[in-house]
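> What follows is work.cif, made up of mmCIF, C-alpha atoms:
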data_coords
#
loop_
_atom_site.label_atom_id
_atom_site.label_comp_id
_atom_site.auth_asym_id
_atom_site.auth_seq_id
_atom_site.Cartn_x
_atom_site.Cartn_y
_atom_site.Cartn_z
CA MET A 1 -112.80 5.39 -65.18
CA GLU A 2 -110.58 5.65 -68.22
CA LYS A 3 -107.18 4.00 -67.85
CA GLN A 4 -104.13 6.25 -68.01
CA ASN A 5 -100.75 4.71 -68.55
CA LEU A 6 -98.03 6.23 -66.41
CA SER A 7 -94.97 6.80 -68.57
CA MET A 8 -91.46 6.22 -67.26
CA ASN A 9 -90.96 9.99 -66.88
CA GLU A 10 -94.15 10.77 -64.94
CA ASP A 11 -94.20 10.82 -61.16
CA PHE A 12 -95.67 9.04 -58.19
CA LEU A 13 -96.18 10.91 -54.94
CA VAL A 14 -94.72 8.88 -52.05
CA VAL A 15 -96.54 9.72 -48.82
CA GLY A 16 -94.05 8.23 -46.38
CA PHE A 17 -95.11 9.15 -42.84
CA SER A 18 -96.43 12.61 -43.76
CA ASP A 19 -99.86 11.53 -42.42
CA LEU A 20 -98.29 11.86 -38.94
CA PRO A 21 -97.05 15.49 -39.04
CA GLN A 22 -96.65 15.77 -35.27
CA LEU A 23 -94.24 12.80 -35.26
CA GLN A 24 -92.02 13.81 -38.20
CA ILE A 25 -88.97 14.83 -36.15
CA PRO A 26 -89.14 11.92 -33.61
CA LEU A 27 -89.65 9.40 -36.44
CA PHE A 28 -86.78 10.87 -38.45
CA LEU A 29 -84.44 10.58 -35.44
CA VAL A 30 -85.57 7.02 -34.70
CA PHE A 31 -85.08 5.86 -38.29
CA LEU A 32 -81.76 7.69 -38.57
CA LEU A 33 -80.49 5.88 -35.47
CA ILE A 34 -81.77 2.53 -36.79
CA TYR A 35 -80.01 3.19 -40.10
CA LEU A 36 -76.71 4.17 -38.44
CA PHE A 37 -76.73 1.24 -36.00
CA THR A 38 -77.64 -1.22 -38.76
CA PHE A 39 -74.93 0.18 -41.01
CA LEU A 40 -72.25 0.16 -38.29
CA GLY A 41 -73.32 -3.18 -36.80
CA ASN A 42 -73.16 -5.09 -40.06
CA VAL A 43 -69.95 -3.38 -41.21
CA LEU A 44 -68.35 -4.19 -37.84
CA ILE A 45 -69.24 -7.87 -38.19
CA MET A 46 -67.79 -7.99 -41.72
CA ILE A 47 -64.56 -6.27 -40.62
CA THR A 48 -64.23 -8.46 -37.51
CA ILE A 49 -64.62 -11.69 -39.48
CA TYR A 50 -62.25 -10.50 -42.21
CA SER A 51 -59.54 -9.46 -39.74
CA ASN A 52 -59.64 -12.67 -37.62
CA SER A 53 -58.13 -15.64 -39.45
CA HIS A 54 -59.67 -18.18 -37.04
CA LEU A 55 -63.11 -16.97 -38.22
CA HIS A 56 -62.33 -17.78 -41.86
CA THR A 57 -64.66 -20.78 -41.91
CA PRO A 58 -67.74 -21.52 -44.05
CA MET A 59 -70.13 -20.51 -41.25
CA TYR A 60 -68.58 -17.05 -40.89
CA PHE A 61 -68.22 -16.70 -44.66
CA PHE A 62 -72.00 -17.00 -44.97
CA LEU A 63 -72.50 -14.72 -41.97
CA THR A 64 -70.40 -12.08 -43.75
CA ASP A 65 -72.63 -12.51 -46.79
CA LEU A 66 -75.73 -12.09 -44.59
CA SER A 67 -74.30 -8.91 -43.05
CA PHE A 68 -73.58 -7.51 -46.51
CA LEU A 69 -77.12 -8.44 -47.52
CA ASP A 70 -78.66 -6.59 -44.56
CA PHE A 71 -76.34 -3.66 -45.23
CA SER A 72 -77.61 -3.59 -48.84
CA TYR A 73 -81.23 -3.85 -47.66
CA THR A 74 -80.93 -0.61 -45.70
CA LEU A 75 -79.16 1.20 -48.57
CA VAL A 76 -82.07 0.41 -50.89
CA ILE A 77 -84.74 1.80 -48.53
CA PHE A 78 -83.41 4.13 -45.84
CA PRO A 79 -81.61 7.01 -47.62
CA LYS A 80 -84.67 7.80 -49.74
CA MET A 81 -87.05 7.26 -46.82
CA LEU A 82 -85.12 9.69 -44.61
CA CYS A 83 -85.37 12.34 -47.35
CA TYR A 84 -89.17 12.06 -47.25
CA PHE A 85 -89.23 13.58 -43.76
CA PHE A 86 -87.99 16.92 -45.13
CA MET A 87 -90.64 17.10 -47.82
CA LYS A 88 -94.42 17.08 -47.60
CA GLY A 89 -94.52 14.78 -50.58
CA THR A 90 -91.72 13.29 -52.59
CA HIS A 91 -92.13 12.64 -56.29
CA VAL A 92 -90.45 9.63 -57.87
CA SER A 93 -90.69 8.43 -61.45
CA LEU A 94 -91.97 5.00 -62.37
CA THR A 95 -88.42 4.09 -63.44
CA GLU A 96 -87.01 5.03 -60.01
CA CYS A 97 -89.82 3.13 -58.35
CA LEU A 98 -89.21 -0.05 -60.34
CA ILE A 99 -85.44 0.11 -59.77
CA GLN A 100 -85.96 0.36 -56.01
CA LEU A 101 -88.57 -2.43 -56.11
CA TYR A 102 -86.25 -4.65 -58.17
CA PHE A 103 -83.37 -4.44 -55.71
CA PHE A 104 -85.71 -4.77 -52.75
CA MET A 105 -87.33 -7.94 -54.14
CA GLY A 106 -84.02 -9.33 -55.37
CA ILE A 107 -82.27 -8.89 -52.02
CA ALA A 108 -85.29 -10.34 -50.19
CA SER A 109 -85.13 -13.45 -52.41
CA VAL A 110 -81.37 -13.77 -51.84
CA GLU A 111 -81.93 -13.68 -48.07
CA PHE A 112 -84.38 -16.59 -48.20
CA LEU A 113 -81.86 -18.64 -50.18
CA LEU A 114 -78.90 -17.62 -48.03
CA LEU A 115 -80.69 -18.54 -44.78
CA THR A 116 -81.36 -21.97 -46.31
CA ILE A 117 -77.70 -22.39 -47.25
CA MET A 118 -76.67 -21.40 -43.71
CA ALA A 119 -78.99 -24.11 -42.33
CA TYR A 120 -77.37 -26.65 -44.67
CA ASP A 121 -73.94 -25.51 -43.48
CA ARG A 122 -74.94 -26.17 -39.85
CA TYR A 123 -76.41 -29.53 -40.86
CA VAL A 124 -73.12 -30.65 -42.44
CA ALA A 125 -71.06 -29.29 -39.52
CA ILE A 126 -73.08 -31.13 -36.84
CA CYS A 127 -74.31 -34.24 -38.65
CA ASN A 128 -71.17 -34.93 -40.71
CA PRO A 129 -68.35 -33.14 -38.85
CA PHE A 130 -65.45 -35.32 -40.09
CA HIS A 131 -66.20 -34.46 -43.72
CA TYR A 132 -67.27 -30.86 -43.08
CA MET A 133 -64.22 -29.13 -44.58
CA THR A 134 -64.24 -31.55 -47.51
CA ILE A 135 -67.90 -30.90 -48.34
CA MET A 136 -67.92 -27.16 -47.56
CA LYS A 137 -64.77 -26.27 -49.46
CA LYS A 138 -64.04 -22.64 -50.28
CA ALA A 139 -65.00 -23.14 -53.92
CA VAL A 140 -68.30 -24.76 -52.90
CA CYS A 141 -69.11 -21.91 -50.52
CA MET A 142 -68.37 -19.36 -53.25
CA ARG A 143 -70.63 -21.18 -55.70
CA LEU A 144 -73.46 -21.35 -53.16
CA ALA A 145 -73.13 -17.64 -52.32
CA VAL A 146 -72.90 -16.51 -55.96
CA GLY A 147 -75.74 -18.89 -56.89
CA SER A 148 -78.03 -17.43 -54.21
CA TRP A 149 -77.32 -13.87 -55.39
CA GLY A 150 -77.78 -14.80 -59.04
CA ALA A 151 -81.01 -16.73 -58.46
CA GLY A 152 -82.44 -14.04 -56.17
CA LEU A 153 -81.73 -11.14 -58.53
CA LEU A 154 -82.98 -13.08 -61.55
CA ASN A 155 -86.12 -14.05 -59.66
CA ALA A 156 -87.15 -10.39 -59.35
CA ILE A 157 -87.01 -9.68 -63.10
CA PRO A 158 -90.41 -11.21 -64.15
CA HIS A 159 -92.17 -9.22 -61.40
CA ILE A 160 -90.63 -5.94 -62.55
CA VAL A 161 -91.45 -6.63 -66.21
CA LEU A 162 -95.12 -7.24 -65.32
CA MET A 163 -95.21 -4.22 -62.99
CA SER A 164 -93.86 -1.97 -65.75
CA ARG A 165 -96.93 -2.82 -67.88
CA LEU A 166 -99.51 -1.75 -65.29
CA SER A 167 -101.84 1.19 -65.82
CA PHE A 168 -102.57 3.58 -62.94
CA CYS A 169 -105.89 5.41 -62.95
CA LYS A 170 -107.01 5.17 -59.31
CA SER A 171 -104.25 7.37 -57.94
CA HIS A 172 -100.61 8.30 -58.38
CA THR A 173 -100.12 8.51 -54.62
CA ILE A 174 -98.17 5.69 -52.94
CA ASN A 175 -99.27 5.37 -49.32
CA HIS A 176 -95.99 3.82 -48.18
CA PHE A 177 -92.41 4.80 -47.30
CA PHE A 178 -90.96 3.04 -50.36
CA CYS A 179 -92.14 1.63 -53.68
CA ASP A 180 -93.63 -1.53 -52.27
CA MET A 181 -95.37 -3.89 -54.71
CA THR A 182 -98.61 -4.05 -52.71
CA ALA A 183 -98.85 -0.24 -52.66
CA LEU A 184 -98.43 -0.10 -56.43
CA LEU A 185 -100.93 -2.90 -57.06
CA GLN A 186 -103.57 -1.16 -54.97
CA ILE A 187 -103.49 1.99 -57.11
CA SER A 188 -103.43 0.11 -60.42
CA CYS A 189 -106.54 -0.21 -62.56
CA THR A 190 -105.07 -3.15 -64.48
CA ASN A 191 -106.17 -6.69 -63.64
CA THR A 192 -103.46 -7.99 -61.31
CA VAL A 193 -104.41 -11.69 -61.32
CA ILE A 194 -101.25 -12.71 -63.18
CA ILE A 195 -98.99 -10.76 -60.80
CA ASP A 196 -100.85 -12.08 -57.74
CA THR A 197 -100.50 -15.64 -59.05
CA LEU A 198 -96.81 -15.12 -59.74
CA ASN A 199 -96.38 -13.75 -56.21
CA TYR A 200 -97.99 -16.85 -54.68
CA ILE A 201 -95.91 -19.19 -56.87
CA ASN A 202 -92.80 -17.22 -55.99
CA GLY A 203 -93.72 -17.24 -52.32
CA PHE A 204 -94.13 -21.02 -52.39
CA VAL A 205 -90.97 -21.79 -54.38
CA ILE A 206 -88.64 -19.29 -52.67
CA ALA A 207 -90.06 -18.75 -49.18
CA ILE A 208 -92.06 -21.87 -48.30
CA MET A 209 -89.71 -24.39 -49.92
CA SER A 210 -86.72 -22.68 -48.31
CA PHE A 211 -88.45 -22.84 -44.93
CA ILE A 212 -89.26 -26.54 -45.42
CA LEU A 213 -85.59 -27.25 -46.21
CA ILE A 214 -84.55 -25.32 -43.10
CA ILE A 215 -86.98 -27.32 -40.96
CA ILE A 216 -85.67 -30.61 -42.41
CA SER A 217 -82.07 -29.53 -41.73
CA TYR A 218 -82.81 -28.59 -38.14
CA SER A 219 -84.83 -31.72 -37.44
CA LYS A 220 -81.76 -33.77 -38.43
CA ILE A 221 -79.49 -31.41 -36.48
CA THR A 222 -81.64 -31.75 -33.35
CA SER A 223 -81.64 -35.52 -33.67
CA SER A 224 -77.83 -35.57 -33.94
CA ILE A 225 -77.36 -33.20 -31.00
CA LEU A 226 -79.61 -35.26 -28.71
CA LYS A 227 -77.49 -38.33 -29.50
CA MET A 228 -74.34 -36.60 -28.25
CA LYS A 229 -73.06 -37.96 -24.93
CA SER A 230 -71.24 -34.77 -23.96
CA LYS A 231 -73.41 -32.04 -22.41
CA VAL A 232 -70.74 -29.49 -23.31
CA GLY A 233 -70.88 -30.63 -26.93
CA GLN A 234 -74.66 -30.41 -26.93
CA HIS A 235 -74.59 -26.89 -25.51
CA LYS A 236 -71.98 -25.73 -28.05
CA ALA A 237 -73.94 -27.25 -30.95
CA PHE A 238 -77.20 -25.66 -29.83
CA SER A 239 -75.53 -22.27 -29.30
CA THR A 240 -74.12 -22.22 -32.85
CA CYS A 241 -77.62 -22.87 -34.22
CA ALA A 242 -79.60 -20.60 -31.90
CA SER A 243 -78.60 -17.32 -33.56
CA HIS A 244 -79.42 -18.58 -37.06
CA LEU A 245 -82.78 -20.01 -35.96
CA THR A 246 -83.69 -16.72 -34.24
CA VAL A 247 -82.90 -14.76 -37.41
CA VAL A 248 -84.90 -17.24 -39.54
CA MET A 249 -88.00 -16.96 -37.34
CA LEU A 250 -87.79 -13.16 -37.21
CA TYR A 251 -87.37 -12.76 -40.97
CA TYR A 252 -89.87 -15.39 -42.11
CA GLY A 253 -92.48 -14.31 -39.58
CA SER A 254 -92.41 -10.66 -40.63
CA VAL A 255 -92.39 -11.33 -44.39
CA VAL A 256 -95.13 -13.99 -44.35
CA PHE A 257 -97.36 -11.82 -42.13
CA THR A 258 -96.95 -8.86 -44.48
CA TYR A 259 -97.20 -10.46 -47.92
CA MET A 260 -98.90 -13.85 -47.86
CA ARG A 261 -102.38 -12.37 -48.11
CA PRO A 262 -104.68 -11.38 -51.02
CA THR A 263 -103.91 -7.86 -52.29
CA SER A 264 -107.51 -6.76 -51.68
CA SER A 265 -107.20 -7.40 -47.92
CA TYR A 266 -104.27 -5.02 -47.41
CA SER A 267 -104.58 -1.89 -45.35
CA MET A 268 -101.64 0.29 -46.40
CA SER A 269 -101.47 2.01 -43.02
CA GLU A 270 -101.06 -1.40 -41.37
CA SER A 271 -98.72 -2.55 -44.13
CA LYS A 272 -96.37 0.39 -43.49
CA ILE A 273 -96.03 -0.63 -39.85
CA SER A 274 -95.59 -4.36 -40.53
CA SER A 275 -93.06 -3.63 -43.29
CA LEU A 276 -90.79 -2.00 -40.73
CA ALA A 277 -90.30 -5.44 -39.13
CA TYR A 278 -88.23 -6.78 -42.03
CA VAL A 279 -87.04 -3.51 -43.60
CA ALA A 280 -85.70 -1.98 -40.39
CA ILE A 281 -85.89 -4.31 -37.37
CA THR A 282 -84.48 -7.52 -38.89
CA PRO A 283 -81.33 -5.93 -40.41
CA LEU A 284 -80.80 -4.12 -37.10
CA CYS A 285 -81.31 -7.21 -34.94
CA ASN A 286 -79.21 -9.65 -36.99
CA PRO A 287 -75.80 -8.31 -35.89
CA ILE A 288 -77.05 -8.02 -32.29
CA ILE A 289 -78.37 -11.60 -32.28
CA TYR A 290 -75.17 -13.05 -33.71
CA SER A 291 -72.99 -10.92 -31.41
CA LEU A 292 -74.83 -12.06 -28.29
CA LYS A 293 -75.45 -15.72 -29.11
CA ASN A 294 -72.26 -16.64 -30.99
CA THR A 295 -69.41 -17.03 -28.48
CA GLU A 296 -66.55 -16.95 -31.01
CA LEU A 297 -67.84 -13.82 -32.72
CA LYS A 298 -68.62 -12.13 -29.40
CA ASN A 299 -65.07 -12.80 -28.14
CA ALA A 300 -63.60 -11.48 -31.40
CA LEU A 301 -65.69 -8.30 -31.11
CA LEU A 302 -64.66 -7.80 -27.47
CA LYS A 303 -61.01 -8.38 -28.39
CA ARG A 304 -61.28 -5.80 -31.16
CA LYS A 305 -62.88 -3.31 -28.75
CA ALA A 306 -60.11 -3.88 -26.21
CA GLN A 307 -57.44 -3.31 -28.86
CA HIS A 308 -59.00 0.03 -29.82
CA GLN A 309 -59.11 1.11 -26.17
CA VAL A 310 -55.40 0.41 -25.60
#
Translate the structure described by the file into structure tokens.

Amino acid sequence: MEKQNLSMNEDFLVVGFSDLPQLQIPLFLVFLLIYLFTFLGNVLIMITIYSNSHLHTPMYFFLTDLSFLDFSYTLVIFPKMLCYFFMKGTHVSLTECLIQLYFFMGIASVEFLLLTIMAYDRYVAICNPFHYMTIMKKAVCMRLAVGSWGAGLLNAIPHIVLMSRLSFCKSHTINHFFCDMTALLQISCTNTVIIDTLNYINGFVIAIMSFILIIISYSKITSSILKMKSKVGQHKAFSTCASHLTVVMLYYGSVVFTYMRPTSSYSMSESKISSLAYVAITPLCNPIIYSLKNTELKNALLKRKAQHQV
């Protein structure tokens, strides 16, 4: 088949969930509720931390950053996805597709780095508590946060440059609810070996190395906690780490399951379902996990609720 380059002004047809016509209204309502709860949950955490001076610590600074990250995640995907339910097929240009893919990949990379920084923060707090505020100074926290955003957004650029050079002759139909890289690669007639290799290198450097650093941090944290003589101290230390560990496992598990496979083995129908785990479920669950497992934050949220009821 002759290759046809798709210009920046030509369109892709995004299928979304139009292959399930009988479920369009229920799915729209479900995703709308997920979007609203994710939006409100993460905004509430950011406002609560900002308005409570005793929460102005490095741990809650990074939690605010994580909430903003999850908030941004949903803004990149959900508004456009919800529009698809009102149309049998939605056309998007290659430019629009690459912009969405850039922010999606960039934010995903930032989250890997930020979760690693949060693990380091807990390591310093538990293993070196007397020097915690000296090591995790405000300026240091700002540099770490800005560095994670800068590195994550820069990391996505080579992928987008390579994606912009693909030719599409198999189809111009994207069987997904957003411009996911795997969906685009499957309809390309260009050899994708370079992009696949870059994805595996990126996955190792950003995802796997970050996970290894998190495991090292928590192995040292666990060792320090077990050496504590106070059971109350042990419980408090474990409780401050439990929420972060839960978020790490949820995020890493969903992303690795979805992407760390050869492109040829993907089923896009399955990929759409698995993608919901990190696009929708993780940003929704993060504020719930931190609200339930973090005592200080939970008390601050309850106090805020009580003040609004008075």
> Taking the file as shown, what set of residues would the PyMOL selection byres ((chain A and resi 219) around 12) give back, as number ranges by chain?
A: 119-120, 122-123, 126-127, 212-218, 220-226, 241, 245
> Check what the PyMOL selection byres ((chain A and resi 35-52) around 7) selects in the file above and give those residues as a ChimeraX atom specification.
/A:31-34,53-56,60,64,67-68,71,74,78,283-284,287,300-301
> Keeping only C-alpha atoms, take the residues you just selected and write them out as a PDB file, in the coordinates of the input.

ATOM      1  CA  PHE A  31     -85.080   5.860 -38.290  1.00  0.00           C
ATOM      2  CA  LEU A  32     -81.760   7.690 -38.570  1.00  0.00           C
ATOM      3  CA  LEU A  33     -80.490   5.880 -35.470  1.00  0.00           C
ATOM      4  CA  ILE A  34     -81.770   2.530 -36.790  1.00  0.00           C
ATOM      5  CA  SER A  53     -58.130 -15.640 -39.450  1.00  0.00           C
ATOM      6  CA  HIS A  54     -59.670 -18.180 -37.040  1.00  0.00           C
ATOM      7  CA  LEU A  55     -63.110 -16.970 -38.220  1.00  0.00           C
ATOM      8  CA  HIS A  56     -62.330 -17.780 -41.860  1.00  0.00           C
ATOM      9  CA  TYR A  60     -68.580 -17.050 -40.890  1.00  0.00           C
ATOM     10  CA  THR A  64     -70.400 -12.080 -43.750  1.00  0.00           C
ATOM     11  CA  SER A  67     -74.300  -8.910 -43.050  1.00  0.00           C
ATOM     12  CA  PHE A  68     -73.580  -7.510 -46.510  1.00  0.00           C
ATOM     13  CA  PHE A  71     -76.340  -3.660 -45.230  1.00  0.00           C
ATOM     14  CA  THR A  74     -80.930  -0.610 -45.700  1.00  0.00           C
ATOM     15  CA  PHE A  78     -83.410   4.130 -45.840  1.00  0.00           C
ATOM     16  CA  PRO A 283     -81.330  -5.930 -40.410  1.00  0.00           C
ATOM     17  CA  LEU A 284     -80.800  -4.120 -37.100  1.00  0.00           C
ATOM     18  CA  PRO A 287     -75.800  -8.310 -35.890  1.00  0.00           C
ATOM     19  CA  ALA A 300     -63.600 -11.480 -31.400  1.00  0.00           C
ATOM     20  CA  LEU A 301     -65.690  -8.300 -31.110  1.00  0.00           C
TER      21      LEU A 301
END
> Could you state which residues are captured by the PyMOL selection byres ((chain A and resi 250) around 10) in this file, as JSON, numbers by chain?
{"A": [244, 245, 246, 247, 248, 249, 251, 252, 253, 254, 255, 277, 278, 281, 282, 285, 286]}
> For Leu185 in chain A, which of A:Ile273, A:Ile289, A:Leu162, A:Ala207 is the closest residue, counting only C-alpha atoms?
A:Leu162
> What is the CA of Ser291 in chain A-CA of Leu63 in chain A distance in Å, reported with one decimal?
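About the pair CA of Ser291 in chain A and CA of Leu63 in chain A: they are 11.2 Å apart.
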> Which of these, A:Ser210, A:Asn202, A:Thr90, A:Ser275, has the shortest distance to Asn155 in chain A once you count all atoms listed in the file?
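Of all the options, A:Asn202 lies closest to Asn155 in chain A.
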> Could you tell me how far CA of Thr57 in chain A lies from CA of Lys229 in chain A, in Å and to one decimal?
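About the pair CA of Thr57 in chain A and CA of Lys229 in chain A: they are 25.6 Å apart.
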> Hey, can you check how far CA of Gly106 in chain A sits from CA of Val279 in chain A?
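One can read the CA of Gly106 in chain A to CA of Val279 in chain A distance as 13.5 Å.
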> (-98.2, -19.5, -54.9) in this file's frame - what residues fall within 12 Å of it? Use all atoms listed in the file and give the answer as a list in words.
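The answer, in the requested form, is Val193, Ile194, Ile195, Asp196, Thr197, Leu198, Asn199, Tyr200, Ile201, Asn202, Gly203, Phe204, Val205, Ile206, Ala207, Ile208, Met209, Tyr259, Met260, Arg261 and Pro262 of chain A.
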> Could you pull the residues within 12 Å of range 94-101 of chain A, counting all atoms listed in the file, minus those fewer than 2 positions along the same chain, as a tab-separated table (two decimals) with C-alpha atoms, in the coordinates of the input?

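Here's the written file out11.tsv:
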chain	number	residue	atom	x	y	z
A	5	ASN	CA	-100.75	4.71	-68.55
A	6	LEU	CA	-98.03	6.23	-66.41
A	7	SER	CA	-94.97	6.80	-68.57
A	8	MET	CA	-91.46	6.22	-67.26
A	9	ASN	CA	-90.96	9.99	-66.88
A	10	GLU	CA	-94.15	10.77	-64.94
A	11	ASP	CA	-94.20	10.82	-61.16
A	12	PHE	CA	-95.67	9.04	-58.19
A	13	LEU	CA	-96.18	10.91	-54.94
A	14	VAL	CA	-94.72	8.88	-52.05
A	72	SER	CA	-77.61	-3.59	-48.84
A	73	TYR	CA	-81.23	-3.85	-47.66
A	74	THR	CA	-80.93	-0.61	-45.70
A	75	LEU	CA	-79.16	1.20	-48.57
A	76	VAL	CA	-82.07	0.41	-50.89
A	77	ILE	CA	-84.74	1.80	-48.53
A	78	PHE	CA	-83.41	4.13	-45.84
A	79	PRO	CA	-81.61	7.01	-47.62
A	80	LYS	CA	-84.67	7.80	-49.74
A	81	MET	CA	-87.05	7.26	-46.82
A	90	THR	CA	-91.72	13.29	-52.59
A	91	HIS	CA	-92.13	12.64	-56.29
A	92	VAL	CA	-90.45	9.63	-57.87
A	103	PHE	CA	-83.37	-4.44	-55.71
A	104	PHE	CA	-85.71	-4.77	-52.75
A	105	MET	CA	-87.33	-7.94	-54.14
A	106	GLY	CA	-84.02	-9.33	-55.37
A	107	ILE	CA	-82.27	-8.89	-52.02
A	108	ALA	CA	-85.29	-10.34	-50.19
A	153	LEU	CA	-81.73	-11.14	-58.53
A	156	ALA	CA	-87.15	-10.39	-59.35
A	157	ILE	CA	-87.01	-9.68	-63.10
A	158	PRO	CA	-90.41	-11.21	-64.15
A	159	HIS	CA	-92.17	-9.22	-61.40
A	160	ILE	CA	-90.63	-5.94	-62.55
A	161	VAL	CA	-91.45	-6.63	-66.21
A	162	LEU	CA	-95.12	-7.24	-65.32
A	163	MET	CA	-95.21	-4.22	-62.99
A	164	SER	CA	-93.86	-1.97	-65.75
A	165	ARG	CA	-96.93	-2.82	-67.88
A	166	LEU	CA	-99.51	-1.75	-65.29
A	167	SER	CA	-101.84	1.19	-65.82
A	168	PHE	CA	-102.57	3.58	-62.94
A	172	HIS	CA	-100.61	8.30	-58.38
A	173	THR	CA	-100.12	8.51	-54.62
A	174	ILE	CA	-98.17	5.69	-52.94
A	176	HIS	CA	-95.99	3.82	-48.18
A	177	PHE	CA	-92.41	4.80	-47.30
A	178	PHE	CA	-90.96	3.04	-50.36
A	179	CYS	CA	-92.14	1.63	-53.68
A	180	ASP	CA	-93.63	-1.53	-52.27
A	181	MET	CA	-95.37	-3.89	-54.71
A	182	THR	CA	-98.61	-4.05	-52.71
A	183	ALA	CA	-98.85	-0.24	-52.66
A	184	LEU	CA	-98.43	-0.10	-56.43
> Smallest atom-to-atom distance to Tyr84 in chain A: which of A:Thr192, A:Val256, A:Leu27, A:Lys303, using all atoms listed in the file?
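Counting all atoms listed in the file, the residue closest to Tyr84 in chain A is A:Leu27.
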> Out of A:Asp65, A:Asn128, A:Gln186, A:Ser93, which residue has the shortest atom-to-atom distance to Val146 in chain A when counting only C-alpha atoms?
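The shortest atom-to-atom distance to Val146 in chain A comes from A:Asp65.
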> For Ser148 in chain A, which residue out of A:Phe17, A:Tyr290, A:Phe62, A:Tyr102 is the nearest one, using only C-alpha atoms?
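When distances to Ser148 in chain A are compared using only C-alpha atoms, the smallest one comes from A:Phe62.
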> Give the padded box for range 28-40 of chain A as AutoDock Vina command-line options: axis-aligned, covering all atoms listed in the file, 6 Å on each side, centre and edge lengths in Å to one decimal.

--center_x -79.5 --center_y 4.8 --center_z -37.9 --size_x 26.5 --size_y 24.1 --size_z 18.3
> Can you work out which one of A:Lys137, A:Thr190, A:Lys272, A:Leu154 has the shortest atom-to-atom distance to Val15 in chain A, counting only C-alpha atoms?
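Using only C-alpha atoms, Val15 in chain A sits closest to A:Lys272.
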